[in-house]
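Colleague: My structure is in target-v9.txt, and what it holds is compact mmCIF, C-alpha atoms:
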# COMPACT_ATOMS: atom_id res chain seq x y z
CA MET A 197 5.79 -54.15 64.54
CA HIS A 198 7.09 -56.72 67.02
CA VAL A 199 10.74 -57.77 67.14
CA VAL A 200 11.55 -61.39 67.95
CA ARG A 201 15.19 -62.31 68.61
CA ALA A 202 16.10 -65.99 68.50
CA GLY A 203 19.78 -66.58 69.12
CA ALA A 204 21.64 -64.32 66.70
CA LYS A 205 18.64 -63.95 64.36
CA THR A 206 16.00 -61.22 64.32
CA ILE A 207 12.54 -61.48 62.80
CA LEU A 208 9.62 -59.04 62.66
CA LEU A 209 6.00 -59.91 63.34
CA ASP A 210 4.33 -57.38 61.02
CA CYS A 211 5.99 -54.26 59.68
CA GLY A 212 3.35 -51.56 59.73
CA ARG A 213 3.28 -47.81 59.23
CA SER A 214 1.70 -45.64 61.91
CA ARG A 215 -1.07 -43.30 60.88
CA GLY A 216 -0.06 -39.69 61.46
CA HIS A 217 3.34 -40.55 62.96
CA GLU A 218 6.79 -41.21 61.60
CA THR A 219 7.63 -44.91 61.88
CA GLU A 220 10.92 -45.81 63.51
CA LEU A 221 12.58 -49.16 62.86
CA PRO A 222 13.79 -50.66 66.18
CA CYS A 223 16.85 -52.25 64.56
CA LEU A 224 18.88 -52.05 61.37
CA ALA A 225 16.92 -53.34 58.36
CA SER A 226 19.90 -55.44 57.33
CA GLU A 227 19.73 -57.28 60.69
CA VAL A 228 16.19 -58.59 60.03
CA ALA A 229 16.27 -62.18 58.78
CA ALA A 230 12.54 -62.51 57.97
CA VAL A 231 9.17 -60.78 58.28
CA VAL A 232 6.06 -62.75 59.21
CA LEU A 233 3.02 -60.76 58.08
CA SER A 234 -0.43 -61.21 59.61
CA HIS A 235 -2.49 -59.33 56.99
CA ALA A 236 -2.53 -56.60 54.34
CA HIS A 237 -3.80 -53.55 56.23
CA VAL A 238 -1.33 -50.65 56.03
CA ASP A 239 -0.84 -50.44 59.81
CA HIS A 240 0.54 -53.99 59.62
CA CYS A 241 2.36 -54.03 56.26
CA GLY A 242 2.86 -50.42 55.19
CA TYR A 243 6.49 -50.01 56.26
CA MET A 244 7.80 -52.98 54.27
CA PRO A 245 8.76 -50.95 51.15
CA ALA A 246 10.84 -48.68 53.39
CA LEU A 247 12.33 -51.78 55.05
CA VAL A 248 13.60 -53.19 51.74
CA ARG A 249 14.79 -49.72 50.74
CA GLN A 250 16.93 -49.68 53.90
CA GLY A 251 18.59 -53.01 53.16
CA PHE A 252 16.28 -55.88 54.20
CA ASP A 253 16.71 -58.85 51.84
CA GLY A 254 15.03 -61.75 53.66
CA PRO A 255 11.69 -63.49 53.03
CA ILE A 256 8.29 -61.91 53.75
CA ILE A 257 6.02 -64.78 54.79
CA CYS A 258 2.24 -64.45 54.54
CA THR A 259 -0.86 -66.32 53.35
CA PRO A 260 -1.66 -66.57 49.60
CA PRO A 261 -4.54 -64.01 49.73
CA THR A 262 -2.35 -61.55 51.63
CA CYS A 263 0.36 -62.00 49.01
CA ASP A 264 -2.12 -61.01 46.28
CA LEU A 265 -3.50 -58.07 48.27
CA LEU A 266 -0.09 -56.53 48.95
CA GLU A 267 0.45 -55.22 45.42
CA PRO A 268 -2.64 -52.96 45.23
CA VAL A 269 -2.39 -51.94 48.91
CA LEU A 270 1.30 -51.00 48.81
CA ALA A 271 1.12 -49.51 45.30
CA ASP A 272 -1.62 -47.18 46.50
CA SER A 273 0.50 -46.28 49.53
CA ALA A 274 3.50 -45.65 47.26
CA ARG A 275 1.49 -43.22 45.14
CA PHE A 276 0.65 -41.29 48.29
CA GLN A 277 4.28 -41.33 49.43
CA GLU A 278 5.56 -40.19 46.04
CA GLY A 279 3.06 -37.32 46.03
CA ARG A 280 4.05 -36.40 49.58
CA ALA A 281 7.73 -36.43 48.59
CA TRP A 282 7.02 -34.23 45.56
CA VAL A 283 5.28 -31.63 47.76
CA HIS A 284 8.12 -31.88 50.30
CA ARG A 285 10.71 -31.18 47.61
CA ILE A 286 8.75 -28.18 46.29
CA VAL A 287 8.33 -26.67 49.76
CA SER A 288 11.74 -27.41 51.25
CA GLY A 289 14.01 -28.08 48.29
CA ASP A 290 15.00 -31.40 49.90
CA LYS A 291 15.37 -34.01 47.16
CA ASN A 292 15.60 -36.88 49.65
CA GLY A 293 12.06 -36.53 50.99
CA GLU A 294 10.62 -39.64 49.32
CA LEU A 295 10.05 -42.45 51.82
CA PHE A 296 9.54 -45.13 49.17
CA GLY A 297 8.21 -45.61 45.67
CA TYR A 298 6.74 -48.30 43.44
CA SER A 299 10.14 -49.83 42.71
CA ASP A 300 10.40 -50.62 46.44
CA VAL A 301 6.93 -52.19 46.32
CA GLN A 302 8.14 -54.45 43.52
CA ARG A 303 11.07 -55.53 45.66
CA VAL A 304 8.66 -56.37 48.49
CA LEU A 305 6.56 -58.54 46.17
CA GLU A 306 9.67 -60.36 44.96
CA ARG A 307 10.49 -61.29 48.56
CA CYS A 308 7.01 -62.61 49.42
CA ARG A 309 6.59 -66.29 50.22
CA ALA A 310 3.02 -67.55 50.50
CA GLU A 311 2.22 -70.23 53.06
CA PRO A 312 -1.29 -71.74 53.53
CA TYR A 313 -3.24 -71.99 56.75
CA GLY A 314 -2.46 -75.00 58.93
CA LYS A 315 0.80 -76.11 57.30
CA PRO A 316 4.05 -75.62 59.28
CA PHE A 317 6.74 -73.56 57.51
CA GLU A 318 10.31 -72.53 58.26
CA VAL A 319 10.60 -68.96 59.50
CA ILE A 320 14.37 -69.06 59.91
CA ASP A 321 16.71 -71.94 60.58
CA GLY A 322 15.50 -73.51 63.83
CA LEU A 323 12.09 -71.80 64.02
CA VAL A 324 8.82 -73.11 62.59
CA GLY A 325 5.63 -71.10 62.13
CA THR A 326 2.02 -72.07 61.41
CA PHE A 327 -0.76 -69.75 60.22
CA SER A 328 -4.36 -69.98 61.47
CA ASP A 329 -7.28 -68.03 60.02
CA ALA A 330 -7.87 -64.87 62.09
CA GLY A 331 -11.17 -64.00 60.36
CA HIS A 332 -10.37 -60.25 60.25
CA ILE A 333 -10.01 -59.62 56.50
CA LEU A 334 -9.31 -61.90 53.56
CA GLY A 335 -6.05 -63.75 54.24
CA SER A 336 -5.61 -62.50 57.81
CA ALA A 337 -3.71 -64.89 60.04
CA MET A 338 -2.58 -65.66 63.55
CA VAL A 339 0.91 -67.14 63.68
CA HIS A 340 2.27 -69.71 66.12
CA ILE A 341 6.08 -69.94 66.34
CA GLN A 342 8.14 -72.63 68.06
CA SER A 343 11.49 -74.37 67.68
CA ALA A 344 11.83 -76.70 64.72
CA ASP A 345 12.84 -79.73 66.81
CA GLY A 346 10.38 -79.06 69.64
CA SER A 347 13.18 -79.13 72.21
CA ALA A 348 12.95 -75.49 73.32
CA ASP A 349 10.86 -74.62 76.36
CA SER A 350 9.08 -71.66 74.84
CA SER A 351 6.69 -70.77 72.04
CA LEU A 352 4.60 -67.76 71.08
CA THR A 353 1.36 -66.95 69.30
CA PHE A 354 0.68 -63.58 67.70
CA THR A 355 -3.01 -62.99 66.94
CA GLY A 356 -2.58 -60.05 64.57
CA ASP A 357 -6.03 -58.49 64.27
CA LEU A 358 -8.61 -60.99 65.49
CA GLY A 359 -11.96 -61.09 63.69
CA ARG A 360 -15.45 -61.98 64.85
CA PRO A 361 -17.36 -65.27 64.58
CA GLY A 362 -20.37 -65.54 62.29
CA MET A 363 -19.66 -62.51 60.10
CA PRO A 364 -20.67 -62.35 56.40
CA ILE A 365 -18.14 -63.29 53.67
CA LEU A 366 -15.28 -64.64 55.82
CA GLN A 367 -14.92 -67.81 57.82
CA SER A 368 -14.98 -67.47 61.60
CA PRO A 369 -11.62 -67.14 63.39
CA ARG A 370 -9.93 -70.40 64.29
CA PRO A 371 -9.08 -71.08 67.97
CA ILE A 372 -6.06 -69.14 69.21
CA PRO A 373 -3.12 -71.60 69.27
CA ALA A 374 -1.81 -72.30 72.76
CA ALA A 375 1.70 -71.01 73.51
CA ASP A 376 3.90 -69.87 76.39
CA LEU A 377 3.41 -66.27 75.29
CA ILE A 378 0.27 -64.89 73.63
CA ILE A 379 0.52 -61.48 71.94
CA CYS A 380 -3.11 -60.49 71.50
CA GLU A 381 -4.83 -57.42 70.07
CA SER A 382 -7.09 -55.40 72.38
CA THR A 383 -8.69 -52.79 70.11
CA TYR A 384 -12.20 -53.09 71.53
CA GLY A 385 -11.40 -53.95 75.14
CA GLY A 386 -14.26 -52.73 77.31
CA ARG A 387 -16.60 -52.24 74.34
CA LYS A 388 -19.27 -54.49 72.88
CA HIS A 389 -20.52 -54.55 69.27
CA GLU A 390 -24.21 -54.82 68.58
CA PRO A 391 -25.22 -58.08 66.83
CA VAL A 392 -24.89 -58.07 63.04
CA GLU A 393 -28.61 -58.83 62.70
CA ARG A 394 -29.49 -55.68 64.66
CA THR A 395 -27.02 -53.64 62.60
CA MET A 396 -28.66 -54.93 59.41
CA GLU A 397 -32.08 -53.86 60.72
CA ARG A 398 -30.80 -50.39 61.56
CA LEU A 399 -29.06 -50.06 58.19
CA ALA A 400 -32.28 -51.03 56.40
CA ASP A 401 -34.18 -48.37 58.35
CA ILE A 402 -31.55 -45.73 57.48
CA VAL A 403 -31.65 -46.56 53.76
CA ARG A 404 -35.47 -46.57 53.64
CA ARG A 405 -36.03 -43.27 55.40
CA THR A 406 -33.16 -41.50 53.60
CA THR A 407 -34.24 -42.56 50.12
CA ASP A 408 -37.90 -41.80 50.98
CA ARG A 409 -36.95 -38.18 51.59
CA GLY A 410 -34.88 -38.05 48.39
CA GLY A 411 -31.46 -38.15 50.01
CA LYS A 412 -28.22 -40.08 49.65
CA VAL A 413 -26.79 -42.57 52.14
CA LEU A 414 -23.05 -41.87 52.41
CA ILE A 415 -20.91 -44.58 54.03
CA PRO A 416 -17.20 -43.83 54.59
CA SER A 417 -15.27 -47.09 54.56
CA PHE A 418 -11.80 -48.57 54.48
CA SER A 419 -11.37 -50.08 51.02
CA LEU A 420 -10.15 -53.50 52.17
CA GLY A 421 -12.41 -55.61 54.36
CA ARG A 422 -15.06 -53.20 55.61
CA MET A 423 -16.05 -52.07 52.09
CA GLN A 424 -16.72 -55.63 50.93
CA LEU A 425 -18.63 -56.42 54.13
CA VAL A 426 -21.01 -53.45 53.94
CA THR A 427 -21.50 -53.98 50.17
CA TYR A 428 -22.49 -57.59 50.86
CA ALA A 429 -24.93 -56.44 53.57
CA LEU A 430 -26.53 -53.79 51.34
CA LEU A 431 -27.00 -56.24 48.47
CA GLU A 432 -28.57 -58.75 50.84
CA LEU A 433 -31.07 -56.11 52.01
CA MET A 434 -31.86 -55.10 48.44
CA ARG A 435 -32.29 -58.65 47.17
CA THR A 436 -34.67 -59.56 49.99
CA GLY A 437 -36.73 -56.42 49.44
CA ALA A 438 -35.91 -54.96 52.84
CA VAL A 439 -34.75 -51.76 51.11
CA PRO A 440 -35.36 -50.40 47.59
CA ALA A 441 -32.80 -51.41 44.96
CA VAL A 442 -31.51 -47.88 44.42
CA PRO A 443 -28.16 -47.27 42.67
CA LEU A 444 -25.27 -48.50 44.81
CA TYR A 445 -21.94 -46.80 44.09
CA ILE A 446 -18.73 -48.39 45.42
CA ASP A 447 -16.31 -45.48 45.12
CA SER A 448 -12.71 -46.59 45.53
CA GLY A 449 -9.87 -46.91 43.08
CA LEU A 450 -9.15 -50.36 44.55
CA GLY A 451 -12.67 -51.61 45.30
CA GLU A 452 -13.20 -53.71 42.17
CA GLU A 453 -9.69 -55.17 42.34
CA PHE A 454 -10.23 -56.28 45.93
CA VAL A 455 -13.46 -58.04 44.90
CA ALA A 456 -11.56 -59.89 42.15
CA ILE A 457 -8.98 -61.07 44.71
CA HIS A 458 -11.78 -62.34 46.98
CA ARG A 459 -13.12 -64.32 44.04
CA ARG A 460 -9.71 -65.90 43.40
CA HIS A 461 -9.46 -67.14 46.98
CA ARG A 462 -12.91 -68.63 47.49
CA SER A 463 -11.63 -71.30 49.89
CA ALA A 464 -10.94 -68.50 52.41
CA LEU A 465 -14.61 -67.40 52.26
CA ASN A 466 -17.48 -68.79 54.31
CA ALA A 467 -19.96 -71.36 52.99
CA ALA A 468 -22.59 -68.81 51.92
CA ALA A 469 -20.10 -66.73 49.94
CA GLN A 470 -18.61 -69.83 48.32
CA ARG A 471 -22.12 -70.95 47.35
CA GLU A 472 -22.80 -67.58 45.69
CA LEU A 473 -19.64 -67.92 43.65
CA GLU A 474 -20.40 -71.49 42.64
CA GLU A 475 -23.96 -70.63 41.60
CA GLY A 476 -22.88 -67.47 39.79
CA SER A 477 -25.51 -65.41 41.63
CA GLY A 478 -23.44 -62.24 41.77
CA PHE A 479 -20.96 -62.16 44.64
CA LEU A 480 -20.64 -58.41 45.44
CA ILE A 481 -22.06 -57.60 41.98
CA ASP A 482 -25.56 -56.78 40.72
CA THR A 483 -27.26 -54.72 38.03
CA ASN A 484 -27.63 -51.67 40.30
CA VAL A 485 -24.01 -51.81 41.56
CA ARG A 486 -21.37 -49.62 39.96
CA TYR A 487 -17.72 -49.63 40.95
CA LEU A 488 -16.17 -46.19 40.41
CA LYS A 489 -12.47 -46.43 39.68
CA SER A 490 -11.45 -43.00 38.35
CA ARG A 491 -11.60 -39.66 40.10
CA GLU A 492 -13.73 -38.34 37.25
CA GLU A 493 -16.35 -41.05 37.82
CA SER A 494 -16.35 -40.17 41.50
CA LEU A 495 -16.89 -36.47 40.91
CA GLU A 496 -19.66 -37.23 38.43
CA ALA A 497 -21.47 -39.40 41.01
CA THR A 498 -21.41 -36.59 43.59
CA GLU A 499 -23.59 -34.48 41.26
CA ARG A 500 -26.27 -37.10 40.62
CA THR A 501 -29.64 -36.03 41.99
CA GLU A 502 -31.44 -39.36 42.47
CA PRO A 503 -31.52 -41.17 45.84
CA CYS A 504 -28.67 -43.67 46.10
CA VAL A 505 -26.24 -45.37 48.46
CA VAL A 506 -22.53 -44.55 48.25
CA VAL A 507 -19.79 -46.58 49.93
CA ALA A 508 -16.64 -44.49 49.49
CA SER A 509 -13.02 -44.85 50.56
CA GLY A 510 -11.89 -42.89 53.61
CA GLY A 511 -13.04 -44.76 56.70
CA MET A 512 -12.26 -41.90 59.11
CA CYS A 513 -13.26 -39.10 56.69
CA ASP A 514 -9.74 -37.66 56.74
CA GLY A 515 -9.12 -38.32 53.05
CA GLY A 516 -10.24 -40.58 50.24
CA ARG A 517 -13.21 -40.35 47.89
CA ILE A 518 -15.70 -39.70 50.71
CA MET A 519 -14.44 -36.11 50.89
CA HIS A 520 -16.05 -35.34 47.49
CA TYR A 521 -19.44 -36.31 48.89
CA LEU A 522 -19.03 -34.56 52.25
CA LYS A 523 -18.20 -31.26 50.56
CA ARG A 524 -21.23 -31.60 48.31
CA HIS A 525 -23.85 -33.12 50.65
CA LEU A 526 -22.87 -32.50 54.29
CA ASP A 527 -25.27 -29.55 54.46
CA ASP A 528 -28.18 -31.47 52.89
CA PRO A 529 -30.68 -32.51 55.61
CA ARG A 530 -32.11 -35.20 53.31
CA CYS A 531 -28.81 -37.15 53.40
CA THR A 532 -27.41 -39.54 56.02
CA ILE A 533 -23.76 -40.25 56.84
CA VAL A 534 -23.26 -43.73 58.29
CA LEU A 535 -20.03 -44.23 60.25
CA ILE A 536 -19.16 -47.93 60.31
CA SER A 537 -15.52 -47.76 61.48
CA TYR A 538 -13.59 -46.61 64.51
CA GLN A 539 -13.07 -42.84 64.32
CA ALA A 540 -9.73 -41.80 65.80
CA PRO A 541 -9.45 -38.61 67.88
CA GLY A 542 -8.73 -35.58 65.70
CA THR A 543 -10.30 -37.02 62.54
CA VAL A 544 -13.22 -35.54 60.64
CA GLY A 545 -15.14 -38.71 61.44
CA ARG A 546 -14.70 -38.10 65.17
CA GLN A 547 -15.94 -34.52 64.68
CA LEU A 548 -19.05 -35.87 62.94
CA MET A 549 -19.80 -38.12 65.92
CA GLU A 550 -19.99 -35.09 68.21
CA PRO A 551 -23.16 -32.95 68.45
CA ARG A 552 -21.88 -29.81 66.78
CA PRO A 553 -23.36 -27.60 64.03
CA THR A 554 -20.18 -27.52 61.93
CA VAL A 555 -17.05 -29.57 61.26
CA ARG A 556 -13.73 -28.28 60.01
CA PHE A 557 -11.69 -29.73 57.15
CA HIS A 558 -9.84 -28.48 54.07
CA GLY A 559 -9.24 -25.15 55.75
CA ARG A 560 -12.84 -24.14 56.43
CA LYS A 561 -15.97 -24.92 58.42
CA TRP A 562 -18.82 -26.91 56.88
CA ASN A 563 -22.42 -26.98 58.08
CA THR A 564 -23.46 -30.40 59.40
CA TRP A 565 -27.13 -30.61 58.49
CA ALA A 566 -27.09 -34.20 57.23
CA GLU A 567 -28.12 -36.92 59.67
CA VAL A 568 -25.13 -38.76 61.19
CA VAL A 569 -25.48 -42.35 62.47
CA GLU A 570 -22.86 -44.65 63.97
CA LEU A 571 -23.10 -48.42 63.31
CA ASN A 572 -20.44 -50.54 65.02
CA GLY A 573 -21.85 -53.96 64.14
CA PHE A 574 -19.74 -54.21 60.96
CA SER A 575 -16.45 -54.04 62.84
CA GLY A 576 -13.84 -56.56 61.74
CA HIS A 577 -12.32 -56.68 65.24
CA ALA A 578 -13.49 -58.92 68.06
CA ASP A 579 -15.16 -56.96 70.85
CA HIS A 580 -14.56 -57.32 74.60
CA ASP A 581 -16.72 -60.42 75.10
CA GLU A 582 -15.47 -62.06 71.89
CA LEU A 583 -11.83 -61.54 72.93
CA LEU A 584 -12.51 -63.06 76.36
CA ALA A 585 -14.29 -66.03 74.76
CA ALA A 586 -11.39 -66.61 72.36
CA LEU A 587 -8.78 -66.46 75.13
CA GLU A 588 -10.66 -68.41 77.82
CA PRO A 589 -9.64 -71.91 76.57
CA LEU A 590 -6.00 -70.93 77.10
CA ALA A 591 -6.39 -69.74 80.70
CA GLU A 592 -5.79 -73.18 82.25
CA ARG A 593 -2.21 -73.11 81.02
CA ALA A 594 -1.96 -69.58 82.46
CA PRO A 595 0.55 -68.41 79.85
CA ARG A 596 2.05 -64.98 79.71
CA LEU A 597 -0.20 -62.62 77.83
CA CYS A 598 0.65 -59.28 76.22
CA LEU A 599 -2.20 -56.98 75.13
CA VAL A 600 -1.27 -54.82 72.14
CA HIS A 601 -2.92 -52.89 69.27
CA GLY A 602 -5.30 -50.98 71.52
CA GLU A 603 -5.49 -47.73 73.42
CA PRO A 604 -4.11 -48.20 76.97
CA GLU A 605 -7.61 -47.75 78.43
CA ALA A 606 -9.02 -50.50 76.19
CA ALA A 607 -6.19 -52.89 77.06
CA GLY A 608 -6.62 -52.09 80.75
CA ARG A 609 -10.34 -52.88 80.69
CA LEU A 610 -9.52 -56.26 79.15
CA ALA A 611 -6.63 -57.12 81.49
CA MET A 612 -8.58 -57.40 84.75
CA PRO A 613 -11.15 -60.05 83.65
CA LEU A 614 -8.33 -62.02 82.01
CA GLN A 615 -6.46 -62.14 85.32
CA VAL A 616 -9.64 -63.28 87.07
CA MET A 617 -10.04 -65.90 84.36
CA GLY A 618 -6.69 -67.41 85.36
CA PHE A 619 -3.98 -65.84 83.23
CA GLY A 620 -0.97 -65.51 85.50
CA GLN A 621 0.79 -62.60 83.83
CA VAL A 622 -1.10 -60.03 81.76
CA ALA A 623 1.09 -57.19 80.50
CA ILE A 624 0.27 -54.04 78.56
CA PRO A 625 3.64 -53.28 76.96
CA ARG A 626 4.76 -49.85 75.89
CA LYS A 627 6.81 -49.05 72.82
CA GLY A 628 10.33 -50.37 73.28
CA ASP A 629 9.53 -52.79 76.12
CA GLU A 630 11.38 -56.12 76.01
CA LEU A 631 10.74 -59.46 77.67
CA CYS A 632 12.66 -62.71 77.76
CA LEU A 633 10.53 -65.69 76.83
CA SER A 634 12.91 -68.55 77.54
CA GLN A 635 12.33 -69.90 81.04
CA ARG A 636 15.97 -70.98 81.26
CA SER A 637 17.08 -67.39 80.77
CA GLN A 638 15.08 -65.93 83.66
Would you put the structure from the file into structure tokens?
Modeller:
Amino acid sequence: MHVVRAGAKTILLDCGRSRGHETELPCLASEVAAVVLSHAHVDHCGYMPALVRQGFDGPIICTPPTCDLLEPVLADSARFQEGRAWVHRIVSGDKNGELFGYSDVQRVLERCRAEPYGKPFEVIDGLVGTFSDAGHILGSAMVHIQSADGSADSSLTFTGDLGRPGMPILQSPRPIPAADLIICESTYGGRKHEPVERTMERLADIVRRTTDRGGKVLIPSFSLGRMQLVTYALLELMRTGAVPAVPLYIDSGLGEEFVAIHRRHRSALNAAAQRELEEGSGFLIDTNVRYLKSREESLEATERTEPCVVVASGGMCDGGRIMHYLKRHLDDPRCTIVLISYQAPGTVGRQLMEPRPTVRFHGRKWNTWAEVVELNGFSGHADHDELLAALEPLAERAPRLCLVHGEPEAAGRLAMPLQVMGFGQVAIPRKGDELCLSQRSQ
């Protein structure tokens, strides 16, 4: 959540909800004139229902795919919030515990204004924005903002979450638009992803040896973006004969709906995915693939005895459908748990990464006898080298650069080579930091 003040107007670049922390709005909701939204992940859009509940009545500007994704993403979040509020009222007797509900989600959707990539649009009177494909998830965008008449001496680019070139399904990120200030993510500063081809080879080996010993491959995944990517990879391996075509369960209440939205926005997909859709060869669908929508279907799948692959919601193993499978199969040495996402400190996923005989969740310890493997090649974030390569063409202008959306250590590891590259000012801002962009005001 980044606040931009232009004259007497205030806009927000993203309006996300922090995982595990209460989100604080840095200004009155009624003061916000517009929200420019980079993509539909909850840490970038999840606070918008609360924003409208508190009095925001301006436009929410995003790409057409993001507009379509917001309803299922925020509706799912609202169900969680309503359940949390219900528990809060039971425990404390406080009837004002609800953060937001589905009616607030509807108000968000009514305020959405879809703008395509590459076409300038009015943000507020006097400011023009342009979206560029960020290649992170379907509809993700970088935004470049400048004055409408071009007379001002400052402009900014916000990368949102920057994807990786050459990944399955999505088009590669576009070049980062030049500006006087670049606000760039730094999630994987100092870390390098293995090539996708190598990750595919390792995944094939995992599936073969796990199914050979009669086990299940369990893959915790975030439902939007990563789930579609790993499903695509598994189907590719099965269709080429690299792994046996065992049952593939996609266990998420939103999984099938997200696939349908990808199909509606085929122009945002890469050439191979578009070709699959045009030829009708089964984009993210095949005879051995089953999307599990209800909780009952999920629980039934946990009891099946045949070897299979399960991609289940709950990317950090701290909730979601994956918990059904962990409780049932974590102590089965025939099974393999494949971690394909960043595992935050304190999560069950982070515990699984550590060499320990047990992990603790749901109030008890569980034996960890299943094999645990980490694969980082499916990440939707650019790694250290990819971030440097994306930023290098802008170094000659030596703009001001702010590194955000990363642990301080990650941002720090990225800052030094950027300074060597030629960026004059590289800052790692803290929450609440302000800077004045206009050169005339300094």
Colleague: So which one's closest to Phe619 (chain A), A:Met396, A:Ala540, A:Arg530, A:Asp376? Using only C-alpha atoms, please.
Modeller: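 So, comparing all the options, the nearest one is A:Asp376.
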Colleague: For Ala229 (chain A), work out the shell of residues within 9 Å, counting all atoms listed in the file and skipping chain neighbours fewer than 5 positions away, then give it as JSON, numbers by chain.
Modeller: {"A": [205, 206, 207, 208, 252, 253, 254, 255, 319, 320]}
Colleague: Which residue out of A:His520, A:Gly322, A:Gly511, A:Val568 has the minimum interatomic distance to Thr543 (chain A) when only C-alpha atoms are used?
Modeller: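 Checking each of A:His520, A:Gly322, A:Gly511, A:Val568 against Thr543 (chain A), counting only C-alpha atoms, the winner is A:Gly511.
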Colleague: Any idea what the distance is between CA of Pro268 (chain A) and CA of Leu480 (chain A)?
Modeller: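 Interatomic distance here is 18.8 Å.
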Colleague: Show me, as a ChimeraX atom specification, the residues that have an atom within 12 Å of Ala375 (chain A) when counting only C-alpha atoms, minus same-chain residues fewer than 6 positions from it.
Modeller: /A:339-343,349-355,587,589-597,633
Colleague: Considering all atoms listed in the file, state which residue in the set A:Tyr384, A:Cys504, A:Leu323, A:Trp562 is at the smallest distance from Gly608 (chain A).
Modeller: A:Tyr384
Colleague: Could you check how far CA of Leu209 (chain A) sits from CA of Met197 (chain A), in Å to one decimal?
Modeller: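 CA of Met197 (chain A) lies at a distance of 5.9 Å from CA of Leu209 (chain A).
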